[in-house]
file final_7.pdb (PDB, C-alpha atoms and all ligand atoms)
MODEL        1
ATOM      1  CA  MET A   1     106.527  50.372  42.163  1.00  0.00           C
ATOM      2  CA  SER A   2     107.645  47.131  40.522  1.00  0.00           C
ATOM      3  CA  ALA A   3     108.214  43.999  42.570  1.00  0.00           C
ATOM      4  CA  THR A   4     111.315  43.212  40.510  1.00  0.00           C
ATOM      5  CA  MET A   5     113.077  46.304  41.831  1.00  0.00           C
ATOM      6  CA  PRO A   6     115.968  45.534  44.167  1.00  0.00           C
ATOM      7  CA  PRO A   7     114.991  46.141  47.815  1.00  0.00           C
ATOM      8  CA  SER A   8     117.409  49.039  48.202  1.00  0.00           C
ATOM      9  CA  HIS A   9     115.694  50.977  45.400  1.00  0.00           C
ATOM     10  CA  GLU A  10     112.303  50.275  46.866  1.00  0.00           C
ATOM     11  CA  SER A  11     113.198  51.580  50.337  1.00  0.00           C
ATOM     12  CA  GLU A  12     114.786  54.653  48.800  1.00  0.00           C
ATOM     13  CA  ALA A  13     111.584  55.331  46.886  1.00  0.00           C
ATOM     14  CA  ILE A  14     109.572  55.009  50.119  1.00  0.00           C
ATOM     15  CA  ALA A  15     111.925  57.395  51.896  1.00  0.00           C
ATOM     16  CA  VAL A  16     111.711  59.932  49.066  1.00  0.00           C
ATOM     17  CA  ALA A  17     107.905  59.746  49.076  1.00  0.00           C
ATOM     18  CA  ALA A  18     107.810  60.254  52.858  1.00  0.00           C
ATOM     19  CA  GLU A  19     110.135  63.217  52.644  1.00  0.00           C
ATOM     20  CA  ARG A  20     108.013  64.724  49.890  1.00  0.00           C
ATOM     21  CA  ARG A  21     104.887  64.351  52.048  1.00  0.00           C
ATOM     22  CA  TRP A  22     106.606  66.097  54.946  1.00  0.00           C
ATOM     23  CA  THR A  23     107.880  68.830  52.652  1.00  0.00           C
ATOM     24  CA  ILE A  24     104.300  69.477  51.597  1.00  0.00           C
ATOM     25  CA  VAL A  25     103.030  69.427  55.215  1.00  0.00           C
ATOM     26  CA  VAL A  26     105.740  71.828  56.406  1.00  0.00           C
ATOM     27  CA  GLY A  27     105.181  74.031  53.353  1.00  0.00           C
ATOM     28  CA  VAL A  28     101.465  74.245  54.178  1.00  0.00           C
ATOM     29  CA  ILE A  29     102.209  75.108  57.841  1.00  0.00           C
ATOM     30  CA  ILE A  30     104.611  77.890  56.819  1.00  0.00           C
ATOM     31  CA  ALA A  31     102.120  79.194  54.259  1.00  0.00           C
ATOM     32  CA  VAL A  32      99.333  79.282  56.901  1.00  0.00           C
ATOM     33  CA  LEU A  33     101.559  81.116  59.405  1.00  0.00           C
ATOM     34  CA  VAL A  34     102.663  83.680  56.823  1.00  0.00           C
ATOM     35  CA  LEU A  35      99.042  84.153  55.766  1.00  0.00           C
ATOM     36  CA  MET A  36      98.046  84.709  59.427  1.00  0.00           C
ATOM     37  CA  MET A  37     100.755  87.370  59.765  1.00  0.00           C
ATOM     38  CA  ILE A  38      99.581  89.119  56.622  1.00  0.00           C
ATOM     39  CA  VAL A  39      95.908  88.994  57.590  1.00  0.00           C
ATOM     40  CA  THR A  40      96.464  90.208  61.187  1.00  0.00           C
ATOM     41  CA  GLY A  41      98.876  92.890  59.939  1.00  0.00           C
ATOM     42  CA  LEU A  42      96.351  94.220  57.441  1.00  0.00           C
ATOM     43  CA  HIS A  43      93.552  93.958  60.010  1.00  0.00           C
ATOM     44  CA  TRP A  44      95.491  95.992  62.611  1.00  0.00           C
ATOM     45  CA  ALA A  45      96.534  98.519  60.003  1.00  0.00           C
ATOM     46  CA  SER A  46      92.983  99.039  58.777  1.00  0.00           C
ATOM     47  CA  MET A  47      91.330  98.931  62.235  1.00  0.00           C
ATOM     48  CA  PRO A  48      93.712 100.138  64.963  1.00  0.00           C
ATOM     49  CA  PRO A  49      92.722  99.179  68.517  1.00  0.00           C
ATOM     50  CA  SER A  50      90.195 101.576  69.983  1.00  0.00           C
ATOM     51  CA  ARG A  51      90.690 103.711  73.096  1.00  0.00           C
ATOM     52  CA  VAL A  52      94.295 104.565  72.361  1.00  0.00           C
ATOM     53  CA  GLU A  53      95.095 107.416  74.709  1.00  0.00           C
ATOM     54  CA  THR A  54      98.168 109.474  74.063  1.00  0.00           C
ATOM     55  CA  ILE A  55      99.917 111.859  76.418  1.00  0.00           C
ATOM     56  CA  ASP A  56     102.762 114.350  76.030  1.00  0.00           C
ATOM     57  CA  VAL A  57     105.825 112.822  77.728  1.00  0.00           C
ATOM     58  CA  LYS A  58     107.461 116.228  78.202  1.00  0.00           C
ATOM     59  CA  THR A  59     104.641 117.569  80.390  1.00  0.00           C
ATOM     60  CA  VAL A  60     103.636 114.415  82.306  1.00  0.00           C
ATOM     61  CA  HIS A  61     105.306 115.657  85.516  1.00  0.00           C
ATOM     62  CA  VAL A  62     104.264 119.265  85.096  1.00  0.00           C
ATOM     63  CA  ARG A  63     100.562 119.294  84.399  1.00  0.00           C
ATOM     64  CA  GLY A  64      97.560 117.094  83.817  1.00  0.00           C
ATOM     65  CA  GLU A  65      96.428 113.809  85.239  1.00  0.00           C
ATOM     66  CA  PHE A  66      99.829 112.395  86.167  1.00  0.00           C
ATOM     67  CA  VAL A  67     101.285 115.221  88.258  1.00  0.00           C
ATOM     68  CA  GLU A  68     102.717 113.905  91.517  1.00  0.00           C
ATOM     69  CA  SER A  69      99.892 115.169  93.728  1.00  0.00           C
ATOM     70  CA  ASN A  70      97.362 113.244  91.636  1.00  0.00           C
ATOM     71  CA  LEU A  71      99.141 109.869  91.793  1.00  0.00           C
ATOM     72  CA  GLY A  72      97.858 107.090  93.991  1.00  0.00           C
ATOM     73  CA  THR A  73      94.353 105.805  94.549  1.00  0.00           C
ATOM     74  CA  ALA A  74      91.339 108.063  94.137  1.00  0.00           C
ATOM     75  CA  ILE A  75      87.628 107.592  94.553  1.00  0.00           C
ATOM     76  CA  GLU A  76      86.139 109.482  91.645  1.00  0.00           C
ATOM     77  CA  ALA A  77      82.931 111.459  91.705  1.00  0.00           C
ATOM     78  CA  ASP A  78      81.070 108.495  90.219  1.00  0.00           C
ATOM     79  CA  ASP A  79      82.468 106.236  93.006  1.00  0.00           C
ATOM     80  CA  ARG A  80      84.894 104.478  90.704  1.00  0.00           C
ATOM     81  CA  VAL A  81      88.219 103.558  92.281  1.00  0.00           C
ATOM     82  CA  VAL A  82      91.065 104.756  90.053  1.00  0.00           C
ATOM     83  CA  VAL A  83      94.777 104.186  90.575  1.00  0.00           C
ATOM     84  CA  ARG A  84      97.159 106.506  88.751  1.00  0.00           C
ATOM     85  CA  LEU A  85     100.842 105.734  88.514  1.00  0.00           C
ATOM     86  CA  VAL A  86     103.947 106.674  86.596  1.00  0.00           C
ATOM     87  CA  ALA A  87     106.720 104.273  85.623  1.00  0.00           C
ATOM     88  CA  GLN A  88     110.235 105.562  85.150  1.00  0.00           C
ATOM     89  CA  GLN A  89     113.789 104.259  85.333  1.00  0.00           C
ATOM     90  CA  TYR A  90     113.827 102.596  87.856  1.00  0.00           C
ATOM     91  CA  SER A  91     110.776 102.946  90.039  1.00  0.00           C
ATOM     92  CA  PHE A  92     107.044 103.314  90.122  1.00  0.00           C
ATOM     93  CA  GLU A  93     105.392 106.352  91.637  1.00  0.00           C
ATOM     94  CA  PRO A  94     103.762 105.710  94.059  1.00  0.00           C
ATOM     95  CA  GLN A  95     106.006 102.969  95.432  1.00  0.00           C
ATOM     96  CA  CYS A  96     103.097 101.407  97.242  1.00  0.00           C
ATOM     97  CA  ILE A  97      99.529 101.311  95.995  1.00  0.00           C
ATOM     98  CA  VAL A  98      96.485 100.697  98.140  1.00  0.00           C
ATOM     99  CA  VAL A  99      93.284  99.217  96.726  1.00  0.00           C
ATOM    100  CA  PRO A 100      90.044  97.751  98.106  1.00  0.00           C
ATOM    101  CA  ALA A 101      89.259  94.056  97.715  1.00  0.00           C
ATOM    102  CA  GLU A 102      86.158  92.820  95.870  1.00  0.00           C
ATOM    103  CA  THR A 103      85.789  96.128  94.032  1.00  0.00           C
ATOM    104  CA  PRO A 104      86.450  97.056  90.408  1.00  0.00           C
ATOM    105  CA  VAL A 105      89.664  99.085  90.340  1.00  0.00           C
ATOM    106  CA  THR A 106      90.768 100.980  87.243  1.00  0.00           C
ATOM    107  CA  PHE A 107      94.494 101.436  86.708  1.00  0.00           C
ATOM    108  CA  ARG A 108      95.836 104.291  84.618  1.00  0.00           C
ATOM    109  CA  ALA A 109      99.572 104.348  84.025  1.00  0.00           C
ATOM    110  CA  THR A 110     102.101 106.040  81.832  1.00  0.00           C
ATOM    111  CA  ALA A 111     105.876 106.027  81.450  1.00  0.00           C
ATOM    112  CA  THR A 112     108.279 108.918  81.064  1.00  0.00           C
ATOM    113  CA  ASP A 113     111.440 107.395  79.641  1.00  0.00           C
ATOM    114  CA  ALA A 114     111.488 103.788  78.449  1.00  0.00           C
ATOM    115  CA  ILE A 115     108.993 100.998  77.953  1.00  0.00           C
ATOM    116  CA  HIS A 116     108.097  99.471  81.298  1.00  0.00           C
ATOM    117  CA  GLY A 117     105.373  97.107  82.406  1.00  0.00           C
ATOM    118  CA  PHE A 118     103.958  95.572  85.526  1.00  0.00           C
ATOM    119  CA  ILE A 119     102.162  92.556  86.825  1.00  0.00           C
ATOM    120  CA  ILE A 120     100.569  92.404  90.258  1.00  0.00           C
ATOM    121  CA  GLY A 121     101.336  89.212  92.165  1.00  0.00           C
ATOM    122  CA  ARG A 122      99.307  86.308  90.888  1.00  0.00           C
ATOM    123  CA  THR A 123      96.390  88.433  89.711  1.00  0.00           C
ATOM    124  CA  ASN A 124      95.445  89.105  86.111  1.00  0.00           C
ATOM    125  CA  ALA A 125      96.590  92.729  86.426  1.00  0.00           C
ATOM    126  CA  ASN A 126      99.277  92.906  83.773  1.00  0.00           C
ATOM    127  CA  THR A 127     100.162  95.622  81.288  1.00  0.00           C
ATOM    128  CA  MET A 128     102.922  97.289  79.355  1.00  0.00           C
ATOM    129  CA  VAL A 129     103.515 100.958  80.074  1.00  0.00           C
ATOM    130  CA  VAL A 130     104.750 102.878  77.065  1.00  0.00           C
ATOM    131  CA  PRO A 131     105.947 106.507  76.992  1.00  0.00           C
ATOM    132  CA  GLY A 132     103.448 108.727  75.217  1.00  0.00           C
ATOM    133  CA  PHE A 133     100.498 106.440  75.961  1.00  0.00           C
ATOM    134  CA  VAL A 134      98.155 105.838  78.873  1.00  0.00           C
ATOM    135  CA  ALA A 135      97.778 102.163  79.747  1.00  0.00           C
ATOM    136  CA  THR A 136      94.455 101.420  81.382  1.00  0.00           C
ATOM    137  CA  PHE A 137      92.597  98.353  82.580  1.00  0.00           C
ATOM    138  CA  THR A 138      90.055  97.463  85.236  1.00  0.00           C
ATOM    139  CA  THR A 139      90.303  94.492  87.534  1.00  0.00           C
ATOM    140  CA  SER A 140      89.222  93.489  91.014  1.00  0.00           C
ATOM    141  CA  PHE A 141      91.216  91.807  93.744  1.00  0.00           C
ATOM    142  CA  ARG A 142      89.741  88.795  95.467  1.00  0.00           C
ATOM    143  CA  ARG A 143      92.191  88.394  98.310  1.00  0.00           C
ATOM    144  CA  THR A 144      93.419  90.953 100.791  1.00  0.00           C
ATOM    145  CA  GLY A 145      97.075  91.294 101.654  1.00  0.00           C
ATOM    146  CA  GLU A 146     100.196  92.617 100.063  1.00  0.00           C
ATOM    147  CA  GLN A 147     101.309  91.765  96.542  1.00  0.00           C
ATOM    148  CA  LEU A 148     104.526  92.539  94.739  1.00  0.00           C
ATOM    149  CA  MET A 149     104.330  94.524  91.529  1.00  0.00           C
ATOM    150  CA  PRO A 150     107.547  94.087  89.519  1.00  0.00           C
ATOM    151  CA  CYS A 151     108.407  95.753  86.226  1.00  0.00           C
ATOM    152  CA  HIS A 152     108.302  93.035  83.606  1.00  0.00           C
ATOM    153  CA  GLU A 153     109.677  94.774  80.532  1.00  0.00           C
ATOM    154  CA  TYR A 154     113.432  95.039  80.358  1.00  0.00           C
ATOM    155  CA  CYS A 155     114.029  98.771  80.729  1.00  0.00           C
ATOM    156  CA  GLY A 156     117.743  99.090  81.474  1.00  0.00           C
ATOM    157  CA  THR A 157     120.397  98.200  84.014  1.00  0.00           C
ATOM    158  CA  GLY A 158     118.109  98.835  86.994  1.00  0.00           C
ATOM    159  CA  HIS A 159     115.233  96.775  85.635  1.00  0.00           C
ATOM    160  CA  GLU A 160     115.430  93.974  88.183  1.00  0.00           C
ATOM    161  CA  ALA A 161     115.277  96.464  91.062  1.00  0.00           C
ATOM    162  CA  MET A 162     112.165  98.164  89.715  1.00  0.00           C
ATOM    163  CA  TRP A 163     109.079  97.162  91.601  1.00  0.00           C
ATOM    164  CA  ALA A 164     106.295  98.479  93.812  1.00  0.00           C
ATOM    165  CA  ARG A 165     103.913  96.953  96.322  1.00  0.00           C
ATOM    166  CA  VAL A 166     100.142  96.691  96.196  1.00  0.00           C
ATOM    167  CA  GLN A 167      98.239  96.616  99.458  1.00  0.00           C
ATOM    168  CA  VAL A 168      94.774  95.079  99.104  1.00  0.00           C
ATOM    169  CA  LEU A 169      92.600  96.169 102.043  1.00  0.00           C
ATOM    170  CA  PRO A 170      89.175  94.837 102.979  1.00  0.00           C
ATOM    171  CA  ARG A 171      86.631  97.048 101.234  1.00  0.00           C
ATOM    172  CA  ASP A 172      85.242  98.536 104.476  1.00  0.00           C
ATOM    173  CA  GLU A 173      88.687  99.412 105.776  1.00  0.00           C
ATOM    174  CA  PHE A 174      89.597 101.025 102.481  1.00  0.00           C
ATOM    175  CA  LEU A 175      86.401 103.090 102.388  1.00  0.00           C
ATOM    176  CA  ALA A 176      86.913 104.161 106.008  1.00  0.00           C
ATOM    177  CA  ARG A 177      90.318 105.603 105.061  1.00  0.00           C
ATOM    178  CA  ALA A 178      89.174 107.241 101.853  1.00  0.00           C
ATOM    179  CA  ARG A 179      88.482 110.959 101.860  1.00  0.00           C
ATOM    180  CA  PRO A 180      86.817 112.643  98.900  1.00  0.00           C
ATOM    181  CA  GLY A 181      89.380 114.380  96.723  1.00  0.00           C
ATOM    182  CA  GLU A 182      92.327 112.762  98.506  1.00  0.00           C
ATOM    183  CA  ARG A 183      94.811 110.345  97.007  1.00  0.00           C
ATOM    184  CA  LEU A 184      95.388 107.255  99.080  1.00  0.00           C
ATOM    185  CA  ARG A 185      98.771 105.667  99.542  1.00  0.00           C
ATOM    186  CA  CYS A 186      99.853 102.698 101.577  1.00  0.00           C
ATOM    187  CA  VAL A 187      99.532 102.650 105.328  1.00  0.00           C
ATOM    188  CA  ALA A 188     101.688 100.931 107.889  1.00  0.00           C
ATOM    189  CA  ARG A 189      99.980  97.773 109.117  1.00  0.00           C
TER
HETATM  190 CU1  LIG B 201     111.016  99.216  84.242  1.00  0.00          CU
HETATM  191 CU2  LIG B 201     111.917  97.096  83.692  1.00  0.00          CU
ENDMDL
END
call {"tool": "encode", "arguments": {"input": "final_7.pdb", "output": "C-alpha cells", "more": "lines below"}}
Ligand code: CUA
result
Amino acid sequence: MSATMPPSHESEAIAVAAERRWTIVVGVIIAVLVLMMIVTGLHWASMPPSRVETIDVKTVHVRGEFVESNLGTAIEADDRVVVRLVAQQYSFEPQCIVVPAETPVTFRATATDAIHGFIIGRTNANTMVVPGFVATFTTSFRRTGEQLMPCHEYCGTGHEAMWARVQVLPRDEFLARARPGERLRCVAR
C-alpha cells in the first residue's frame, strides 16, 4: 500500500482486507460443519447403531413383553432389576415406578402412538420412546425418595400433563417387597 494514498483509500483497503479475512474464516467454519454432517451421515448410514430392537405397535397391548400384566418392576431370573413401561398419549403405564437404590436398574420402554420421552428427576435416566422400537438403558439411583418423570418430547395437546413418578426405595426395603415373578408398583408411604 503506497504512503501517498489518501487516508480514506488506505482505511478502505484495510477494511476490505479484514472483511476478506473474515469471509475466509467463516467459509472454513461452514465447510468444516458441512463436512462433519456428511461424514457422520455416511458413518451412520454404513454402520447403524447396534442393539436396535423393534416391536410391532399393533400387538404391544395384546401379547409379548409389554402386555399390561408384565409392566412395572421385575426381578429377573438372573437377579437383574428390569422396569418395563409403555408411553402413550398422555400417560405412562405404570403411573408410578418403584426401584431400589444403589442397584443397576434396566429400563425397557416402548410407545404406542407418538414419539414420547422421559427423564427422571435430576438423574441421568433420559431417553426418547419411539413407536415400533424398544428404548433401553441401565442406570442406578443414588438417592432414595420420589422423583418426577415427565414426558420430554412434545407429543400433542396433553404433553404437559404427561408424567409419572419414580419411587426409589432403600435396596433392602425393595428386596423385602419383591416376590419372584411379581411385578412391583408403587406403595403408599
Ligand atoms: Cu408424551 Cu410428551
call {"tool": "residues_around", "arguments": {"input": "final_7.pdb", "residues": "range 177-185 of chain A", "least_positions_apart": "6", "cutoff": "6 Å", "atoms": "only C-alpha atoms", "output": "short mmCIF file (atom, residue, chain, number, x, y, z; two decimals) with C-alpha atoms, in the coordinates of the input"}}
result
data_model
loop_
_atom_site.label_atom_id
_atom_site.label_comp_id
_atom_site.auth_asym_id
_atom_site.auth_seq_id
_atom_site.Cartn_x
_atom_site.Cartn_y
_atom_site.Cartn_z
CA GLY A 72 97.86 107.09 93.99
CA THR A 73 94.35 105.80 94.55
CA ALA A 74 91.34 108.06 94.14
CA ILE A 97 99.53 101.31 96.00
CA VAL A 98 96.48 100.70 98.14
#
call {"tool": "resolve_selection", "arguments": {"input": "final_7.pdb", "expression": "the PyMOL selection byres (((not hetatm)) within 12 of (chain B and resi 201))", "output": "ChimeraX atom specification"}}
result
/A:86-93,110-119,127-131,149-164
call {"tool": "atom_distance", "arguments": {"input": "final_7.pdb", "atom1": "CA of Arg143 in chain A", "atom2": "CA of Thr123 in chain A"}}
result
9.6 Å
call {"tool": "resolve_selection", "arguments": {"input": "final_7.pdb", "expression": "the PyMOL selection byres (((chain A and resi 145) around 9) and not hetatm)", "output": "list in words"}}
result
Arg143, Thr144, Glu146, Gln147, Val166, Gln167, Val168, Leu169 and Pro170 of chain A
call {"tool": "residues_around", "arguments": {"input": "final_7.pdb", "residues": "Glu65 in chain A", "least_positions_apart": "5", "cutoff": "10 Å", "atoms": "all atoms listed in the file", "output": "VMD selection string"}}
result
chain A and resid 55 60 70 to 71 84 to 85 108
call {"tool": "resolve_selection", "arguments": {"input": "final_7.pdb", "expression": "the PyMOL selection byres (((chain A and resi 104) around 8) and not hetatm)", "output": "mmCIF file with C-alpha atoms, in the coordinates of the input"}}
result
data_model
loop_
_atom_site.group_PDB
_atom_site.id
_atom_site.type_symbol
_atom_site.label_atom_id
_atom_site.label_comp_id
_atom_site.auth_asym_id
_atom_site.auth_seq_id
_atom_site.Cartn_x
_atom_site.Cartn_y
_atom_site.Cartn_z
ATOM 1 C CA ARG A 80 84.894 104.478 90.704
ATOM 2 C CA VAL A 81 88.219 103.558 92.281
ATOM 3 C CA GLU A 102 86.158 92.820 95.870
ATOM 4 C CA THR A 103 85.789 96.128 94.032
ATOM 5 C CA VAL A 105 89.664 99.085 90.340
ATOM 6 C CA THR A 106 90.768 100.980 87.243
ATOM 7 C CA THR A 138 90.055 97.463 85.236
ATOM 8 C CA THR A 139 90.303 94.492 87.534
ATOM 9 C CA SER A 140 89.222 93.489 91.014
ATOM 10 C CA PHE A 141 91.216 91.807 93.744
#
call {"tool": "atom_distance", "arguments": {"input": "final_7.pdb", "atom1": "CA of Glu12 in chain A", "atom2": "CA of Ile30 in chain A"}}
result
26.6 Å
call {"tool": "build_atoms", "arguments": {"input": "final_7.pdb", "residues": "range 30-48 of chain A", "atoms": "N, CA and C atoms", "output": "tab-separated table (two decimals), in the frame of the given file"}}
result
chain	number	residue	atom	x	y	z
A	30	ILE	N	103.95	76.59	57.00
A	30	ILE	CA	104.61	77.89	56.82
A	30	ILE	C	103.69	78.85	56.08
A	31	ALA	N	103.02	78.33	55.03
A	31	ALA	CA	102.12	79.19	54.26
A	31	ALA	C	100.99	79.72	55.14
A	32	VAL	N	100.42	78.86	56.02
A	32	VAL	CA	99.33	79.28	56.90
A	32	VAL	C	99.83	80.35	57.87
A	33	LEU	N	101.03	80.13	58.45
A	33	LEU	CA	101.56	81.12	59.40
A	33	LEU	C	101.82	82.47	58.73
A	34	VAL	N	102.41	82.43	57.54
A	34	VAL	CA	102.66	83.68	56.82
A	34	VAL	C	101.35	84.38	56.49
A	35	LEU	N	100.35	83.59	56.07
A	35	LEU	CA	99.04	84.15	55.77
A	35	LEU	C	98.44	84.81	57.01
A	36	MET	N	98.57	84.14	58.18
A	36	MET	CA	98.05	84.71	59.43
A	36	MET	C	98.71	86.04	59.72
A	37	MET	N	100.05	86.11	59.52
A	37	MET	CA	100.76	87.37	59.76
A	37	MET	C	100.25	88.47	58.84
A	38	ILE	N	100.05	88.11	57.58
A	38	ILE	CA	99.58	89.12	56.62
A	38	ILE	C	98.18	89.59	56.99
A	39	VAL	N	97.30	88.63	57.29
A	39	VAL	CA	95.91	88.99	57.59
A	39	VAL	C	95.84	89.84	58.86
A	40	THR	N	96.54	89.41	59.96
A	40	THR	CA	96.46	90.21	61.19
A	40	THR	C	97.13	91.57	60.98
A	41	GLY	N	98.22	91.61	60.21
A	41	GLY	CA	98.88	92.89	59.94
A	41	GLY	C	97.95	93.85	59.23
A	42	LEU	N	97.28	93.36	58.19
A	42	LEU	CA	96.35	94.22	57.44
A	42	LEU	C	95.18	94.63	58.32
A	43	HIS	N	94.69	93.68	59.14
A	43	HIS	CA	93.55	93.96	60.01
A	43	HIS	C	93.90	95.07	61.00
A	44	TRP	N	95.08	94.97	61.64
A	44	TRP	CA	95.49	95.99	62.61
A	44	TRP	C	95.74	97.32	61.93
A	45	ALA	N	96.25	97.26	60.70
A	45	ALA	CA	96.53	98.52	60.00
A	45	ALA	C	95.23	99.21	59.62
A	46	SER	N	94.23	98.42	59.24
A	46	SER	CA	92.98	99.04	58.78
A	46	SER	C	92.07	99.38	59.94
A	47	MET	N	92.17	98.63	61.08
A	47	MET	CA	91.33	98.93	62.24
A	47	MET	C	92.20	98.95	63.49
A	48	PRO	N	92.87	100.07	63.76
A	48	PRO	CA	93.71	100.14	64.96
A	48	PRO	C	92.87	99.92	66.21
